[in-house]
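Q: This is data28.txt (compact mmCIF, C-alpha atoms and all ligand atoms).
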# COMPACT_ATOMS: atom_id res chain seq x y z
CA MET A 1 -1.70 -24.25 -9.26
CA LYS A 2 -2.82 -20.78 -8.25
CA ILE A 3 -1.25 -19.68 -4.99
CA THR A 4 -0.73 -16.49 -3.03
CA ILE A 5 2.35 -15.46 -1.14
CA SER A 6 1.67 -13.01 1.66
CA ALA A 7 4.32 -11.20 3.67
CA ILE A 8 3.09 -9.29 6.70
CA LYS A 9 5.46 -7.39 8.96
CA ALA A 10 5.20 -5.50 12.24
CA ASP A 11 7.31 -4.05 15.03
CA ILE A 12 5.67 -5.32 18.20
CA GLY A 13 8.51 -4.87 20.64
CA SER A 14 12.28 -5.09 20.84
CA ILE A 15 15.22 -5.49 23.18
CA GLY A 16 17.32 -2.57 24.36
CA GLY A 17 15.45 0.14 22.44
CA HIS A 18 14.66 -0.30 18.76
CA LEU A 19 17.30 -2.99 18.13
CA CYS A 20 15.72 -6.41 17.56
CA PRO A 21 12.89 -8.62 18.86
CA SER A 22 13.57 -11.19 21.59
CA LYS A 23 13.80 -14.90 20.75
CA LYS A 24 10.77 -15.53 22.95
CA LEU A 25 8.78 -12.94 21.00
CA VAL A 26 9.69 -14.46 17.63
CA GLU A 27 8.78 -17.91 19.01
CA ALA A 28 5.41 -16.65 20.25
CA VAL A 29 4.55 -15.29 16.80
CA SER A 30 5.77 -18.50 15.19
CA GLU A 31 3.68 -20.70 17.52
CA VAL A 32 0.44 -19.02 16.41
CA VAL A 33 1.25 -19.23 12.69
CA LYS A 34 2.44 -22.84 12.96
CA LYS A 35 -0.94 -23.97 14.32
CA SER A 36 -2.90 -22.56 11.38
CA SER A 37 -4.51 -25.00 8.96
CA ILE A 38 -5.36 -22.41 6.27
CA ILE A 39 -1.80 -21.80 5.09
CA LEU A 40 0.33 -24.13 2.98
CA ASP A 41 3.68 -23.03 4.36
CA HIS A 42 5.33 -20.21 6.31
CA LYS A 43 8.64 -18.72 7.41
CA ILE A 44 9.50 -16.05 9.93
CA PHE A 45 12.33 -13.51 9.72
CA HIS A 46 13.31 -10.38 11.56
CA THR A 47 15.20 -7.34 10.39
CA GLY A 48 16.03 -4.69 12.96
CA ASP A 49 13.02 -4.50 15.29
CA ASP A 50 10.53 -5.87 12.73
CA ILE A 51 9.16 -9.40 12.44
CA THR A 52 8.02 -10.62 9.01
CA ILE A 53 5.65 -13.56 8.55
CA LEU A 54 5.94 -15.06 5.06
CA MET A 55 3.03 -17.35 4.16
CA SER A 56 1.81 -19.30 1.14
CA HIS A 57 -1.85 -20.23 0.69
CA ASP A 58 -4.57 -20.64 -1.93
CA LYS A 59 -6.97 -17.99 -0.62
CA GLY A 60 -6.00 -14.98 -2.78
CA GLU A 61 -4.88 -11.48 -1.80
CA ASN A 62 -6.57 -9.58 1.04
CA TYR A 63 -8.15 -12.76 2.40
CA PRO A 64 -9.53 -11.85 5.84
CA GLU A 65 -8.55 -15.07 7.64
CA ILE A 66 -4.96 -14.85 6.42
CA HIS A 67 -4.73 -11.26 7.64
CA ARG A 68 -6.41 -12.29 10.90
CA LEU A 69 -3.80 -15.01 11.40
CA ALA A 70 -1.02 -12.42 11.20
CA TRP A 71 -2.98 -10.06 13.45
CA ASP A 72 -3.50 -12.81 16.05
CA ALA A 73 0.17 -13.81 15.88
CA PHE A 74 1.26 -10.19 16.42
CA GLN A 75 -1.26 -9.84 19.28
CA ARG A 76 0.17 -12.93 20.97
CA GLY A 77 3.68 -11.58 20.37
CA THR A 78 2.66 -8.28 21.94
CA GLU A 79 1.55 -10.12 25.09
CA VAL A 80 4.99 -11.73 25.34
CA ALA A 81 6.68 -8.38 24.61
CA LYS A 82 4.75 -6.87 27.53
CA GLU A 83 5.60 -9.83 29.81
CA GLN A 84 9.28 -9.30 28.99
CA GLY A 85 9.11 -5.51 29.28
CA LEU A 86 10.31 -5.08 25.70
CA TYR A 87 10.45 -1.60 24.26
CA GLY A 88 7.55 -0.50 22.03
CA ALA A 89 5.35 -3.54 22.80
CA GLY A 90 2.55 -3.64 20.22
CA GLN A 91 3.91 -0.47 18.58
CA ASP A 92 2.65 -1.18 15.06
CA LEU A 93 -0.81 -2.47 16.05
CA LEU A 94 -2.62 0.82 15.73
CA LYS A 95 -6.19 -0.44 15.90
CA ASP A 96 -7.89 -2.00 18.93
CA SER A 97 -9.38 -4.89 17.02
CA PHE A 98 -9.13 -6.68 13.68
CA SER A 99 -11.53 -5.35 11.07
CA GLY A 100 -11.19 -7.79 8.16
CA ASN A 101 -8.03 -6.45 6.53
CA ILE A 102 -4.78 -5.84 8.33
CA LYS A 103 -3.85 -3.05 5.86
CA GLY A 104 -4.46 0.28 7.51
CA SER A 105 -4.02 -1.20 10.99
CA GLY A 106 -0.27 -0.65 11.18
CA PRO A 107 1.46 -3.82 9.91
CA ALA A 108 3.03 -3.74 6.43
CA VAL A 109 1.57 -6.07 3.79
CA ALA A 110 2.89 -7.33 0.44
CA GLU A 111 0.97 -10.02 -1.46
CA ILE A 112 1.04 -11.61 -4.92
CA GLU A 113 -1.41 -14.17 -6.28
CA PHE A 114 -0.21 -16.11 -9.33
CA GLU A 115 -0.35 -19.32 -11.28
CA GLU A 116 2.83 -21.14 -10.27
CA ARG A 117 5.40 -21.44 -13.04
CA PRO A 118 7.31 -24.77 -13.26
CA ALA A 119 10.12 -22.93 -11.48
CA GLU A 120 8.90 -20.11 -9.25
CA PRO A 121 11.75 -18.07 -7.76
CA PHE A 122 11.00 -14.91 -5.78
CA LEU A 123 12.61 -12.45 -3.39
CA LEU A 124 11.44 -10.95 -0.13
CA PHE A 125 12.99 -7.66 1.00
CA MET A 126 12.62 -6.34 4.54
CA ALA A 127 13.82 -2.84 5.41
CA ASP A 128 14.02 -1.17 8.79
CA LYS A 129 14.53 2.43 9.92
CA THR A 130 13.23 3.85 6.66
CA ASN A 131 9.98 4.31 4.70
CA PRO A 132 8.37 2.85 1.53
CA GLY A 133 9.95 5.51 -0.71
CA ALA A 134 13.33 3.89 0.05
CA TYR A 135 12.49 1.30 -2.63
CA ASN A 136 11.69 3.89 -5.33
CA LEU A 137 15.23 4.13 -6.65
CA PRO A 138 16.28 0.44 -6.59
CA PHE A 139 13.06 -0.86 -8.16
CA TYR A 140 12.91 1.95 -10.72
CA LEU A 141 16.44 1.02 -11.80
CA ALA A 142 15.83 -2.76 -11.64
CA PHE A 143 12.74 -2.59 -13.89
CA ALA A 144 13.53 0.39 -16.12
CA ASP A 145 17.27 0.96 -16.48
CA PRO A 146 19.46 -1.21 -18.76
CA PHE A 147 22.49 -0.24 -16.63
CA HIS A 148 21.07 -2.65 -14.04
CA ASN A 149 18.55 -4.71 -16.03
CA SER A 150 20.44 -6.08 -19.02
CA GLY A 151 17.29 -8.04 -19.92
CA LEU A 152 15.85 -4.76 -21.25
CA ILE A 153 18.41 -5.11 -24.04
CA LEU A 154 18.85 -8.87 -24.25
CA VAL A 155 15.39 -10.40 -23.70
CA PRO A 156 12.55 -9.40 -26.10
CA LYS A 157 9.77 -9.95 -23.53
CA ILE A 158 11.56 -7.83 -20.93
CA SER A 159 12.26 -5.17 -23.60
CA GLN A 160 8.50 -4.58 -23.80
CA GLY A 161 8.78 -2.87 -20.42
CA TYR A 162 6.64 -2.95 -17.28
CA LYS A 163 3.59 -1.27 -15.81
CA PHE A 164 4.22 0.64 -12.58
CA ILE A 165 1.42 1.32 -10.11
CA ILE A 166 2.48 4.36 -8.08
CA MET A 167 0.63 5.51 -4.97
CA ASP A 168 0.17 9.02 -3.64
CA MET A 169 0.93 8.29 0.01
CA ASP A 170 -0.32 11.71 1.13
CA PHE A 171 -3.90 10.92 0.05
CA LYS A 172 -6.09 10.87 3.13
CA GLY A 173 -9.47 9.89 1.63
CA GLU A 174 -11.02 6.43 1.52
CA GLY A 175 -9.10 3.91 -0.60
CA ASP A 176 -5.76 4.36 -2.34
CA LYS A 177 -4.93 7.09 -4.88
CA VAL A 178 -2.83 5.44 -7.59
CA ILE A 179 -1.60 6.06 -11.12
CA GLU A 180 -0.64 3.45 -13.75
CA LEU A 181 2.39 4.32 -15.86
CA GLU A 182 4.18 2.12 -18.38
CA THR A 183 7.81 1.89 -19.39
CA PRO A 184 9.38 2.81 -21.74
CA ASN A 185 6.88 5.52 -22.79
CA ASP A 186 6.26 6.96 -19.33
CA ILE A 187 9.77 6.57 -18.02
CA TYR A 188 10.30 10.28 -17.33
CA ASN A 189 6.84 10.63 -15.76
CA ILE A 190 7.68 7.72 -13.47
CA ALA A 191 10.99 9.38 -12.57
CA CYS A 192 9.21 12.67 -11.95
CA LEU A 193 6.97 11.07 -9.31
CA LEU A 194 9.41 8.62 -7.75
CA ARG A 195 11.99 11.30 -6.98
CA ASP A 196 9.59 12.48 -4.25
CA THR A 197 10.16 9.53 -1.94
CA GLU A 198 8.11 10.98 0.92
CA ARG A 199 4.94 11.34 -1.14
CA PHE A 200 5.01 8.80 -3.97
CA GLY A 201 5.85 5.12 -3.74
CA ILE A 202 5.73 2.14 -6.07
CA SER A 203 3.01 -0.22 -4.87
CA GLU A 204 2.98 -2.81 -7.66
CA VAL A 205 4.70 -3.68 -10.93
CA TYR A 206 3.21 -5.84 -13.71
CA SER A 207 4.73 -7.36 -16.84
CA LYS A 208 3.16 -6.30 -20.15
CA SER A 209 1.46 -9.71 -20.27
CA GLY A 210 -0.39 -8.70 -17.08
CA HIS A 211 1.52 -10.75 -14.52
CA LYS A 212 2.19 -9.12 -11.17
CA CYS A 213 5.84 -9.33 -10.27
CA LEU A 214 6.27 -6.74 -7.48
CA SER A 215 4.17 -5.98 -4.44
CA LEU A 216 5.28 -3.41 -1.90
CA SER A 217 3.84 -2.31 1.45
CA THR A 218 3.15 1.29 0.52
CA THR A 219 1.50 3.04 3.47
CA ARG A 220 2.47 5.86 5.77
CA LEU A 221 1.71 5.13 9.41
CA HIS A 222 1.39 8.78 10.32
CA ASN A 223 -1.60 8.98 8.00
CA ILE A 224 -3.26 6.25 10.05
CA SER A 225 -2.34 7.42 13.53
CA GLY A 226 -1.88 11.17 12.93
CA THR A 227 1.34 11.09 14.91
CA TYR A 228 4.86 9.71 14.70
CA THR A 229 4.75 5.96 15.32
CA GLY A 230 7.79 4.60 13.57
CA LYS A 231 8.85 4.78 9.99
CA ASP A 232 6.58 2.46 8.00
CA ASP A 233 9.52 0.11 7.55
CA PRO A 234 8.64 -1.43 4.17
CA ILE A 235 8.66 -4.98 2.79
CA ALA A 236 8.54 -6.09 -0.83
CA LEU A 237 7.89 -9.32 -2.73
CA VAL A 238 9.41 -9.69 -6.20
CA ARG A 239 8.94 -12.56 -8.62
CA VAL A 240 12.08 -13.02 -10.72
CA GLN A 241 13.53 -14.68 -13.86
CA LYS A 242 11.96 -15.52 -17.26
CA ASP A 243 9.62 -12.60 -18.15
CA PHE A 244 10.70 -10.74 -15.00
CA PRO A 245 14.12 -9.29 -14.15
CA ALA A 246 16.78 -11.77 -13.02
CA THR A 247 17.56 -11.97 -9.30
CA GLY A 248 20.90 -10.26 -9.85
CA GLU A 249 19.25 -7.44 -11.78
CA ILE A 250 16.91 -6.79 -8.87
CA LEU A 251 19.84 -6.85 -6.41
CA SER A 252 22.15 -4.69 -8.53
CA PRO A 253 20.78 -1.22 -7.57
CA PHE A 254 21.06 -2.01 -3.84
CA SER A 255 24.82 -1.64 -4.27
CA ILE A 256 24.28 2.14 -4.46
CA SER A 257 23.35 2.29 -0.74
CA HIS A 258 21.42 5.41 -1.65
CA TYR A 259 20.43 7.95 0.96
CA VAL A 260 16.92 7.44 2.35
CA ALA A 261 14.70 8.97 5.02
CA GLY A 262 14.73 7.26 8.41
CA PHE A 263 17.64 6.61 10.79
CA MET A 264 17.27 7.98 14.36
CA ARG A 265 13.64 8.78 15.30
CA GLY A 266 12.74 8.36 11.63
CA SER A 267 13.75 11.97 11.18
CA HIS A 268 17.12 11.85 9.45
CA VAL A 269 18.78 10.82 6.22
CA GLY A 270 21.12 7.84 5.94
CA PRO A 271 22.38 5.29 3.41
CA LEU A 272 20.32 2.12 2.92
CA MET A 273 22.75 -0.61 4.00
CA PRO A 274 22.12 -4.14 2.60
CA VAL A 275 22.52 -6.53 5.57
CA ARG A 276 22.18 -10.21 6.42
CA VAL A 277 18.77 -11.44 7.55
CA ASN A 278 18.09 -11.12 11.29
CA THR A 279 20.56 -8.24 11.63
CA PRO A 280 19.81 -5.86 14.52
CA VAL A 281 19.97 -2.08 14.39
CA SER A 282 22.91 -0.24 15.94
CA TYR A 283 24.59 3.09 15.10
CA PHE A 284 22.29 6.13 15.66
CA ASP A 285 19.32 3.71 15.59
CA GLY A 286 20.39 2.80 12.10
CA PRO A 287 21.76 3.07 9.61
CA PRO A 288 18.64 2.30 7.55
CA ILE A 289 18.96 -1.39 6.63
CA VAL A 290 17.49 -3.78 4.08
CA SER A 291 17.75 -7.56 4.15
CA GLY A 292 16.62 -9.98 1.48
CA VAL A 293 15.93 -13.67 1.00
CA ALA A 294 15.52 -15.64 -2.21
CA LEU A 295 13.30 -18.74 -2.31
CA CYS A 296 11.44 -20.98 -4.70
CA VAL A 297 7.88 -22.13 -4.11
CA HIS A 298 6.26 -25.24 -5.56
CA ASN A 299 2.70 -26.39 -4.81
CA GLY A 300 2.76 -23.75 -2.09
CA LYS A 301 5.80 -25.23 -0.34
CA PHE A 302 8.85 -23.05 0.18
CA THR A 303 12.44 -24.19 -0.29
CA GLU A 304 14.98 -23.07 2.26
CA GLU A 305 15.91 -19.42 1.82
CA VAL A 306 19.15 -17.94 0.51
CA ASP A 307 20.32 -14.81 2.31
CA VAL A 308 21.00 -12.60 -0.72
CA PHE A 309 23.23 -10.05 1.02
CA ASP A 310 25.34 -12.69 2.81
CA HIS A 311 28.22 -12.62 0.35
CA PRO A 312 31.74 -11.07 0.37
CA TYR A 313 30.68 -8.55 -2.29
CA TRP A 314 28.15 -7.02 0.09
CA ASP A 315 30.78 -6.71 2.86
CA TYR A 316 32.49 -4.20 0.58
CA ILE A 317 29.17 -2.38 -0.01
CA ARG A 318 28.49 -2.34 3.75
CA ASP A 319 31.88 -0.69 4.33
CA LYS A 320 31.01 1.98 1.76
CA ALA A 321 27.57 2.47 3.36
CA SER A 322 29.21 2.91 6.78
CA ALA A 323 31.45 5.60 5.33
CA LYS A 324 28.42 7.34 3.79
CA ALA A 325 26.59 7.16 7.13
CA GLU A 326 29.54 8.61 8.98
CA GLU A 327 29.91 11.40 6.45
CA ILE A 328 26.33 12.65 6.66
CA ARG A 329 26.24 12.27 10.45
CA LYS A 330 29.09 14.77 10.68
CA GLN A 331 26.57 17.55 10.02
CA GLY A 332 24.16 16.28 12.69
CA PHE A 333 20.76 17.90 12.29
CA PHE A 334 21.80 20.62 9.85
CA GLY A 335 20.47 20.91 6.31
CA SER A 336 19.90 17.72 4.38
CA ALA A 337 21.05 15.45 7.26
CA MET A 338 17.63 15.87 8.87
CA LEU A 339 14.25 15.65 7.11
CA GLY A 340 12.29 18.76 6.09
CA MET A 341 9.64 20.28 8.33
CA ASN A 342 6.77 18.66 6.39
CA GLU A 343 8.09 15.28 7.54
CA LEU A 344 8.83 16.44 11.09
CA GLU A 345 5.35 17.83 11.69
CA TYR A 346 4.39 14.53 13.28
CA THR A 347 7.08 14.93 15.96
CA GLY A 348 7.33 17.17 19.03
CA ILE A 349 9.32 19.82 17.15
CA THR A 350 6.01 21.45 16.14
CA GLU A 351 5.24 22.37 19.77
CA LYS A 352 8.73 23.74 20.23
CA LEU A 353 8.42 25.95 17.15
CA GLU A 354 4.99 27.20 18.22
CA GLU A 355 6.45 28.20 21.59
CA LEU A 356 9.37 29.93 19.95
CA ASP A 357 7.09 31.73 17.51
CA LYS A 358 5.48 33.54 20.46
CA ARG A 359 8.89 34.84 21.50
CA PHE A 360 9.65 36.41 18.14
CA ILE A 361 9.40 40.21 18.09
CA ILE A 362 9.08 42.63 15.21
CA LYS A 363 11.89 45.20 15.32
CA GLU A 364 11.21 48.58 13.81
CA LYS A 365 13.48 49.59 10.93
MG MG B 1 11.13 -1.08 12.54
Starting from the file, give its structure as structure tokens.

A:
Amino acid sequence: MKITISAIKADIGSIGGHLCPSKKLVEAVSEVVKKSSIILDHKIFHTGDDITILMSHDKGENYPEIHRLAWDAFQRGTEVAKEQGLYGAGQDLLKDSFSGNIKGSGPAVAEIEFEERPAEPFLLFMADKTNPGAYNLPFYLAFADPFHNSGLILVPKISQGYKFIIMDMDFKGEGDKVIELETPNDIYNIACLLRDTERFGISEVYSKSGHKCLSLSTTRLHNISGTYTGKDDPIALVRVQKDFPATGEILSPFSISHYVAGFMRGSHVGPLMPVRVNTPVSYFDGPPIVSGVALCVHNGKFTEEVDVFDHPYWDYIRDKASAKAEEIRKQGFFGSAMLGMNELEYTGITEKLEELDKRFIIKEK
């Protein structure tokens, strides 16, 4: 059976600042999705201030009515957010009306259409207070590095490598500017691009037999709105096992808690902390967090989810991430603790610098 799993995420309002959505808001979104007859199944999660709608259906990727369903659910949620006086009500809905595809309207989208395998396990990752480039390191390592993916050594089909689709997120023309690069031959070219997490992001990964196993919401909101509107908090869907990396191989690189862009006002650098699902945001509007669930799907019906970072091992990683967050916060806004000016040009600092520039004088030697 050919099915599509679609994950669509938006921040449409939260309690007490950018912490987490209200129960009433999550319920309002859920009510709209529940009533739909075009989906086979659905689940709703939140991570930080973002709500993710996970759906299964047989309509294919980019199907307008599926995207409209998410749009309508987020619109209804926004009404409730306004009724409750939540902060940032409707924040990620950047267009006035739905235009056939929710991509480019603010919400993050990850979708994979596939022929169901007899066992069809997959993962959904939801990150908050960071941007799509946050996934560059963990997914590069999970698909291309035998330190994390032992299947590259042990499983002949996995040893063939994978095809990475990498997007230039700075491209402002119509459509998406992408490049296809294959491991192992292009491994250094892939590394060369992915190190620039502000500009380049993985958007898809395919096995050498042509099966899509990773879909990532790779867009930059400031390219849509022209101003700072949040941090493009990214989601990802990953099919796992058999010809794809094992679940544990995908999770392995998240133990690094690598430093990513985001944190307070989306303008700083902090460690990506793996957290339990439905975890709110706290310290310095962060630290950047990622949650994950593992499920199986059969005939379009989801099993219950397993919270992949709800395990004693990850408590130890969270402690280390807290220490990393504390360490970089000690230097406040200086140097690498805050993003470079090219990333801050969408904030109010530009006006401040323009004002200051007028006050500079040239002193004679
Ligand atoms: Mg968010």

Q: Enumerate as a PyMOL selection string the residues within 6 Å of ligand MG 1 (chain B), counting only C-alpha atoms and all ligand atoms.

A: chain A and resi 11+49-50+128-129+233

Q: Output C-alpha atoms for every residue in that selection, as a PDB file, in the frame of the given file.

A:
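And here is the file that came out, again38.pdb:
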ATOM      1  CA  ASP A  11       7.310  -4.050  15.030  1.00  0.00           C
ATOM      2  CA  ASP A  49      13.020  -4.500  15.290  1.00  0.00           C
ATOM      3  CA  ASP A  50      10.530  -5.870  12.730  1.00  0.00           C
ATOM      4  CA  ASP A 128      14.020  -1.170   8.790  1.00  0.00           C
ATOM      5  CA  LYS A 129      14.530   2.430   9.920  1.00  0.00           C
ATOM      6  CA  ASP A 233       9.520   0.110   7.550  1.00  0.00           C
TER       7      ASP A 233
END

Q: Can you work out the spacing between CA of Arg76 (chain A) and CA of Ala28 (chain A) in Å, to one decimal?

A: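 The value is 6.5 Å.
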
Q: Of the candidates A:Met264, A:Ile250, A:Met338, A:Ile53, which shows the shortest atom-to-atom distance to Leu123 (chain A), using only C-alpha atoms?

A: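 Going through A:Met264, A:Ile250, A:Met338, A:Ile53 one by one, the smallest distance to Leu123 (chain A) is for A:Ile250.
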
Q: Can you pull out the residues contacting Thr4 (chain A)? Cut-off 12 Å, using all atoms listed in the file, and skip same-chain residues under 3 positions away; I want them as a ChimeraX atom specification.

A: /A:1,7,38-42,54-63,66,110-116,212,215,237,239,297-301

Q: Can you tell me which residues surround Arg68 (chain A) at a distance of at most 8 Å, considering only C-alpha atoms, apart from same-chain residues fewer than 4 positions away, and format the answer as number ranges by chain?

A: A: 64, 72, 98, 100-102

Q: Would you compute an axis-aligned box for region 15-33 of chain A, covering every atom listed for it in the file with 3 Å of margin on each side, and report centre and edge lengths in Å to one decimal as AutoDock Vina command-line options?

A:
--center_x 8.9 --center_y -10.3 --center_z 18.5 --size_x 22.9 --size_y 26.8 --size_z 17.7

Q: Pick from A:Tyr259, A:Ile349, A:Leu25, A:Leu339: nearest to Ser322 (chain A), with only C-alpha atoms counted?

A: A:Tyr259

Q: Because some atoms of region 60-77 of chain A are absent here, can you restore N, CA and C atoms and send them as a PDB file, in the coordinates of the input?

A:
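See out.pdb below for the written result:
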ATOM      1  N   GLY A  60      -5.987 -16.255  -2.082  1.00  0.00           N
ATOM      2  CA  GLY A  60      -6.000 -14.980  -2.780  1.00  0.00           C
ATOM      3  C   GLY A  60      -5.522 -13.829  -1.897  1.00  0.00           C
ATOM      4  N   GLU A  61      -5.361 -12.662  -2.529  1.00  0.00           N
ATOM      5  CA  GLU A  61      -4.880 -11.480  -1.800  1.00  0.00           C
ATOM      6  C   GLU A  61      -6.003 -10.903  -0.937  1.00  0.00           C
ATOM      7  N   ASN A  62      -5.617 -10.252   0.130  1.00  0.00           N
ATOM      8  CA  ASN A  62      -6.570  -9.580   1.040  1.00  0.00           C
ATOM      9  C   ASN A  62      -7.596 -10.542   1.644  1.00  0.00           C
ATOM     10  N   TYR A  63      -7.213 -11.789   1.827  1.00  0.00           N
ATOM     11  CA  TYR A  63      -8.150 -12.760   2.400  1.00  0.00           C
ATOM     12  C   TYR A  63      -8.220 -12.534   3.916  1.00  0.00           C
ATOM     13  N   PRO A  64      -9.422 -12.263   4.429  1.00  0.00           N
ATOM     14  CA  PRO A  64      -9.530 -11.850   5.840  1.00  0.00           C
ATOM     15  C   PRO A  64      -8.887 -12.818   6.839  1.00  0.00           C
ATOM     16  N   GLU A  65      -9.073 -14.134   6.633  1.00  0.00           N
ATOM     17  CA  GLU A  65      -8.550 -15.070   7.640  1.00  0.00           C
ATOM     18  C   GLU A  65      -7.022 -15.165   7.631  1.00  0.00           C
ATOM     19  N   ILE A  66      -6.433 -14.887   6.477  1.00  0.00           N
ATOM     20  CA  ILE A  66      -4.960 -14.850   6.420  1.00  0.00           C
ATOM     21  C   ILE A  66      -4.460 -13.620   7.180  1.00  0.00           C
ATOM     22  N   HIS A  67      -5.120 -12.490   6.936  1.00  0.00           N
ATOM     23  CA  HIS A  67      -4.730 -11.260   7.640  1.00  0.00           C
ATOM     24  C   HIS A  67      -4.988 -11.407   9.146  1.00  0.00           C
ATOM     25  N   ARG A  68      -6.093 -12.090   9.474  1.00  0.00           N
ATOM     26  CA  ARG A  68      -6.410 -12.290  10.900  1.00  0.00           C
ATOM     27  C   ARG A  68      -5.331 -13.151  11.581  1.00  0.00           C
ATOM     28  N   LEU A  69      -4.842 -14.145  10.836  1.00  0.00           N
ATOM     29  CA  LEU A  69      -3.800 -15.010  11.400  1.00  0.00           C
ATOM     30  C   LEU A  69      -2.574 -14.177  11.797  1.00  0.00           C
ATOM     31  N   ALA A  70      -2.168 -13.279  10.887  1.00  0.00           N
ATOM     32  CA  ALA A  70      -1.020 -12.420  11.200  1.00  0.00           C
ATOM     33  C   ALA A  70      -1.345 -11.497  12.372  1.00  0.00           C
ATOM     34  N   TRP A  71      -2.557 -10.951  12.357  1.00  0.00           N
ATOM     35  CA  TRP A  71      -2.980 -10.060  13.450  1.00  0.00           C
ATOM     36  C   TRP A  71      -2.932 -10.802  14.791  1.00  0.00           C
ATOM     37  N   ASP A  72      -3.480 -12.020  14.814  1.00  0.00           N
ATOM     38  CA  ASP A  72      -3.500 -12.810  16.050  1.00  0.00           C
ATOM     39  C   ASP A  72      -2.078 -13.134  16.511  1.00  0.00           C
ATOM     40  N   ALA A  73      -1.221 -13.470  15.535  1.00  0.00           N
ATOM     41  CA  ALA A  73       0.170 -13.810  15.880  1.00  0.00           C
ATOM     42  C   ALA A  73       0.874 -12.582  16.486  1.00  0.00           C
ATOM     43  N   PHE A  74       0.635 -11.416  15.890  1.00  0.00           N
ATOM     44  CA  PHE A  74       1.260 -10.190  16.420  1.00  0.00           C
ATOM     45  C   PHE A  74       0.647  -9.804  17.780  1.00  0.00           C
ATOM     46  N   GLN A  75      -0.638 -10.093  17.968  1.00  0.00           N
ATOM     47  CA  GLN A  75      -1.260  -9.840  19.280  1.00  0.00           C
ATOM     48  C   GLN A  75      -0.625 -10.710  20.345  1.00  0.00           C
ATOM     49  N   ARG A  76      -0.457 -11.992  20.012  1.00  0.00           N
ATOM     50  CA  ARG A  76       0.170 -12.930  20.970  1.00  0.00           C
ATOM     51  C   ARG A  76       1.599 -12.481  21.254  1.00  0.00           C
ATOM     52  N   GLY A  77       2.302 -12.078  20.196  1.00  0.00           N
ATOM     53  CA  GLY A  77       3.680 -11.580  20.370  1.00  0.00           C
ATOM     54  C   GLY A  77       3.710 -10.365  21.275  1.00  0.00           C
TER      55      GLY A  77
END
